[in-house]
Number of protein chains: 2
Amino acid sequence: MIAEILTIGDELLRGSRVDTNAAFVARKLDEIGIEVRYKSTAADDMDRLEEAIGLALRRADIIITTGGLGPTDDDITKKAICKVFKRNLIFHENILTELENRFAARGLKMPSINQNQALLPQGATFLANRTGSALGIVIDEHGKFFCSMPGVPAEMETMTVEELIPQLRERSGDRVIVRHLLRTVGVPESVLAEKFRSGLKLPEGVSLAYLPAYGKVDLAIKGTGTVREEVRAAVSQTAGTIRTLAGDAVFTEDDRELEAVIGDMLVEKGLTLAVAESCTGGLLGGRITRVPGSSRYFLGGVIAYANDIKVGFLKVPTGTLDSFGAVSAETAEAMAAGVRQLTGASIGVAVTGVAGPDGGTEDKPVGMVFIGLATDKETLSRKLLLGGDREIVRERTVLAALDMVRRAVAQL
Amino acid sequence: MIAEILTIGDELLRGSRVDTNAAFVARKLDEIGIEVRYKSTAADDMDRLEEAIGLALRRADIIITTGGLGPTDDDITKKAICKVFKRNLIFHENILTELENRFAARGLKMPSINQNQALLPQGATFLANRTGSALGIVIDEHGKFFCSMPGVPAEMETMTVEELIPQLRERSGDRVIVRHLLRTVGVPESVLAEKFRSGLKLPEGVSLAYLPAYGKVDLAIKGTGTVREEVRAAVSQTAGTIRTLAGDAVFTEDDRELEAVIGDMLVEKGLTLAVAESCTGGLLGGRITRVPGSSRYFLGGVIAYANDIKVGFLKVPTGTLDSFGAVSAETAEAMAAGVRQLTGASIGVAVTGVAGPDGGTEDKPVGMVFIGLATDKETLSRKLLLGGDREIVRERTVLAALDMVRRAVAQL
């Protein structure tokens with residue numbers, strides 16, 4: 001069963017929107033063992049859409065499209081489906097009634113433009129949309145499964161999980177695929193590759209992919225074969241070798257993010273955490289609190305963007321700022337100790353740096369960042385020289401700060 | 001000149017990575033008037049890659065690929081190019097020397113795996129890579145422009161801007177395209193569409209696309225034609241009508257983000273801003289400080305995740321927390337007034353809410369959020385009921401808080 005994901009929208013071809021939908025659908029199909037072999041994008045244009053749907057129907061068994069099902073005039077996916085499959089649109093009274101009721105429940109009158117949503121291609125079944133007005137459309141005929149979903153991510157995601165995947169689960173084949181992920185932080189891809197080159201020999205049927213992203217490298221092992229036990233053993237042996245070679249760069253072997261791994265470590269050890277942020281402006285706290293239930297160990301902290309706040313809130317001595325500057329090891333350490341003291345957290349972590357694009361000097365160029373960390377045992381800091389634009393520097397800073405917390409918690 | 005963007009990597013087809021590269025390249029091509037008609041993704045697999053490159057060469061004039069140029073074994077783009085174009089790989093001594101020098105400058109010995117990077121297909125020219133080791137590859141023959149770039153976003157982005165676009169600029173045609181963007185916040189797509197349905201008639205050659213995202217809707221007007229003055233007039237007339245109909249939902253008519261618009265307003269009026277964040281954990285401050293130079297108006301604030309910090313730092317009366325709870329209008333207002341007082345900012349903005357997935361009650365369900373705002377004139381709050389998962393609720397909260405600041409600053 002070969003699948004193609006076709007995302008629809010001028011904004012995707014112009015690049016004014018990043019295509020997160022394709023990745024979401026791909027991940028969900030992959031999870032149930034369906035191979036996504038093709039991913040493509042088509043314009044909101046009838047000729048282009050017919051061409052793309054036609055190509056997909058020729059080369060794939062399962063075709064999933066997203067986008068172009070809204071009520072406005074630039075949404076033409078439904079018309080294109082009718083042309084390609086040679087169908088008429090049929091009006092469904094019950095769909096209209098349900099939509100009207102939904103608006104009424106919120107005390108609203110349904111905009112009449114939404115009446116379009118009650119029209120479906122003849123012979124199609126639909127996928128319910130709990131959060132929006134555009135239904136999904138399924139045509140399942142002659143060995144081809146064709147499905148169109150709306151492009152609004154929240155609507156599409158719920159529809160995929162609750163409606164589409166249950167229908168597709170039965171269709172997946174019986175080739176055995178075993179995956180194992182090792183997530184690493186702090187060691188560049190080429191350094192890892194060099195280690196594995198001498199020390200790692202991949203068994204037959206096993207592949208290793210490097211997925212680098214800003215200081216993190218995911219190592220994705222994939223084994224394929226026909227006998228589950230054999231494939232599993234080969235993958236497990238490979239994972240063992242990588243674990244030995246990569247050492248403590250590996251922060252997890254499941255799909256948890258670094259912040260979730262740290263959260264679990266903190267909970268286990270009964271520790272709490274607070275942050276003091278300058279150049280990241282809150283991103284570090286924002287990242288830590290992505291984890292549901294992070295209130296068990298994260299107390300909060302101070303966004304000390306202005307120096308007055310570093311001094312007034314965090315009790316960084318003005319002498320330290322004057323002698324070493326806001327971007328210095330001394331200030332980072334004082335911020336970390338300050339926020340720990342102030343909040344009563346077990347661990348205080350602080351960041352200060354030059355995110356750019358302006359504000360760099362010869363001594364302290366753009367990308368220079370200090371991370372401070374304070375526990376009941378010690379106060380220390382780390383200096384980084386990070387490349388990239390403002391957002392990349394800030395992203396890498398968040399990651400490095402999290403990794404420093406991870407290593408500190410492991411010692412406590 | 002029709003372009004195709006082909007992104008390469010198993011991780012994209014499995015959905016473990018979102019394809020941001022395609023969007024970046026698309027945007028840059030669009031800016032110089034090149035129509036991206038096709039976007040596709042291929043696996044790290046020789047057969048698939050040959051198939052995808054072959055198809056792209058048949059249907060497009062300009063083909064840009066990203067990914068698969070790294071030094072590791074799963075990077076096979078270069079081999080696929082050699083197969084499709086029937087070339088050998090040629091070793092370039094000067095490229096190797098430069099790479100070795102670059103490692104040496106950082107006090108490192110080049111991992112020998114990087115020697116691969118000095119191999120290029122016969123007859124190809126290369127694009128320099130300032131930040132990484134993989135060069136871009138260009139084959140420009142028989143009216144087809146083929147270019148492969150590395151997949152690491154920071155490397156690919158610099159290479160696109162500095163090397164690729166200058167080469168392509170000369171090739172773009174002379175069809176006139178005029179674009180105008182109006183960015184709105186706080187009004188749903190269907191409500192905007194309903195307003196425009198009765199009040200807006202699009203002139204010939206002018207189209208309007210709705211690009212909704214979590215409470216923001218971008219309205220993209222595009223005019224095409226042959227006489228620049230005529231196209232411009234038609235687009236301008238359309239923008240005028242939309243401006244009237246959408247009112248103060250329009251926050252800008254250039255490509256600035258909401259946080260940048262607010263920043264410019266604050267600078268102009270000489271005002272400063274501070275934040276107090278509970279459920280967003282720092283994301284609001286993180287968003288505000290995305291803007292280079294935000295230190296001119298953003299002082300910082302408090303991440304008050306734990307109630308102790310709401311009381312201890314922000315001076316929220318324990319009576320308020322006891323009577324109304326942490327998620328309440330009263331607490332939001334006290335937090336906003338508290339952070340304003342504490343930092344001396346002109347405006348304090350605070351958020352508190354239930355981001356989920358746990359912690360909701362019947363009275364205060366997941367998605368209930370209060371935003372408080374304090375100025376020297378008044379302290380007020382707004383209650384929101386937001387849909388979506390934890391990250392969507394937090395994202396929408398950040399947006400709603402920014403919009404509340406925008407409306408307040410406009411009055412000051």
# chains A, B, ... in the order shown; residues from 1 in each chain; ligands from 1
>>> select_by_dssp(residues="segment 135-372 of chain A", states="alpha helix (DSSP H)", output="number ranges by chain")
A: 153-159, 165-169, 189-199, 228-246, 258-269, 283-288, 307-312, 318-324, 329-343
>>> residues_around(residues="Val366 of chain A", least_positions_apart="5", cutoff="6 Å", atoms="only C-alpha atoms", output="list in words")
Val354, Ala355, Gly356 and Gly360 of chain A
>>> closest_atom_pairs(of="segment 257-276 of chain B", to="segment 292-310 of chain A", cutoff="10 Å", atoms="only C-alpha atoms", output="CSV")
residue,atom,partner,partner_atom,distance
B:Ala274,CA,A:Ile303,CA,9.1
B:Val275,CA,A:Ile303,CA,8.5
B:Ala276,CA,A:Ile303,CA,9.2
>>> closest_atom_pairs(of="chain B", to="chain A", cutoff="6 Å", atoms="only C-alpha atoms", output="JSON lines")
{"residue": "B:Leu13", "atom": "CA", "partner": "A:Val36", "partner_atom": "CA", "distance": 5.8}
{"residue": "B:Arg14", "atom": "CA", "partner": "A:Ala26", "partner_atom": "CA", "distance": 5.1}
{"residue": "B:Gly15", "atom": "CA", "partner": "A:Ala23", "partner_atom": "CA", "distance": 3.9}
{"residue": "B:Val18", "atom": "CA", "partner": "A:Ala23", "partner_atom": "CA", "distance": 5.4}
{"residue": "B:Thr20", "atom": "CA", "partner": "A:Val18", "partner_atom": "CA", "distance": 5.7}
{"residue": "B:Ala23", "atom": "CA", "partner": "A:Gly15", "partner_atom": "CA", "distance": 3.9}
{"residue": "B:Phe24", "atom": "CA", "partner": "A:Gly15", "partner_atom": "CA", "distance": 6.0}
{"residue": "B:Ala26", "atom": "CA", "partner": "A:Gly15", "partner_atom": "CA", "distance": 4.7}
{"residue": "B:Arg27", "atom": "CA", "partner": "A:Gly15", "partner_atom": "CA", "distance": 4.4}
{"residue": "B:Asp30", "atom": "CA", "partner": "A:Arg14", "partner_atom": "CA", "distance": 5.7}
{"residue": "B:Val36", "atom": "CA", "partner": "A:Leu13", "partner_atom": "CA", "distance": 5.7}
{"residue": "B:Lys39", "atom": "CA", "partner": "A:Thr41", "partner_atom": "CA", "distance": 5.1}
{"residue": "B:Ser40", "atom": "CA", "partner": "A:Ser40", "partner_atom": "CA", "distance": 4.1}
{"residue": "B:Thr41", "atom": "CA", "partner": "A:Lys39", "partner_atom": "CA", "distance": 5.1}
{"residue": "B:Gly281", "atom": "CA", "partner": "A:Gly286", "partner_atom": "CA", "distance": 4.6}
{"residue": "B:Gly282", "atom": "CA", "partner": "A:Gly282", "partner_atom": "CA", "distance": 3.8}
{"residue": "B:Leu283", "atom": "CA", "partner": "A:Gly286", "partner_atom": "CA", "distance": 4.6}
{"residue": "B:Gly285", "atom": "CA", "partner": "A:Gly282", "partner_atom": "CA", "distance": 5.0}
{"residue": "B:Gly286", "atom": "CA", "partner": "A:Gly282", "partner_atom": "CA", "distance": 4.5}
{"residue": "B:Thr289", "atom": "CA", "partner": "A:Gly281", "partner_atom": "CA", "distance": 5.7}
{"residue": "B:Leu299", "atom": "CA", "partner": "A:Ala306", "partner_atom": "CA", "distance": 4.9}
{"residue": "B:Gly300", "atom": "CA", "partner": "A:Ile303", "partner_atom": "CA", "distance": 4.7}
{"residue": "B:Gly301", "atom": "CA", "partner": "A:Ile303", "partner_atom": "CA", "distance": 4.9}
{"residue": "B:Val302", "atom": "CA", "partner": "A:Val302", "partner_atom": "CA", "distance": 4.6}
{"residue": "B:Ile303", "atom": "CA", "partner": "A:Gly300", "partner_atom": "CA", "distance": 4.6}
{"residue": "B:Ala304", "atom": "CA", "partner": "A:Gly300", "partner_atom": "CA", "distance": 5.1}
{"residue": "B:Tyr305", "atom": "CA", "partner": "A:Gly300", "partner_atom": "CA", "distance": 4.8}
{"residue": "B:Ala306", "atom": "CA", "partner": "A:Leu299", "partner_atom": "CA", "distance": 4.9}
>>> residues_around(residues="Gly344 of chain B", least_positions_apart="3", cutoff="10 Å", atoms="only C-alpha atoms", output="list of chain:residue names")
B:Thr272, B:Leu273, B:Ala274, B:Leu299, B:Gly338, B:Val339, B:Arg340, B:Gln341, B:Ile347, B:Gly348
>>> atom_distance(atom1="atom CA of Met404 of chain B", atom2="atom CA of Ile242 of chain B")
22.2 Å
>>> atom_distance(atom1="atom CA of Leu219 of chain B", atom2="atom CA of Val206 of chain B")
12.6 Å
>>> closest_residue(among="B:Ile53, B:Met335, B:Ile262, B:Gly68", to="Arg407 of chain B", atoms="only C-alpha atoms")
B:Ile262
>>> residues_around(residues="Ser236 of chain B", least_positions_apart="2", cutoff="10 Å", atoms="only C-alpha atoms", output="count of residues only")
15
>>> select_by_dssp(residues="segment 186-296 of chain B", states="strand (DSSP E)", output="ChimeraX atom specification")
/B:206-213,216-225,250-252,273-277
>>> atom_distance(atom1="atom CA of Gly205 of chain B", atom2="atom CA of Thr224 of chain B")
5.4 Å
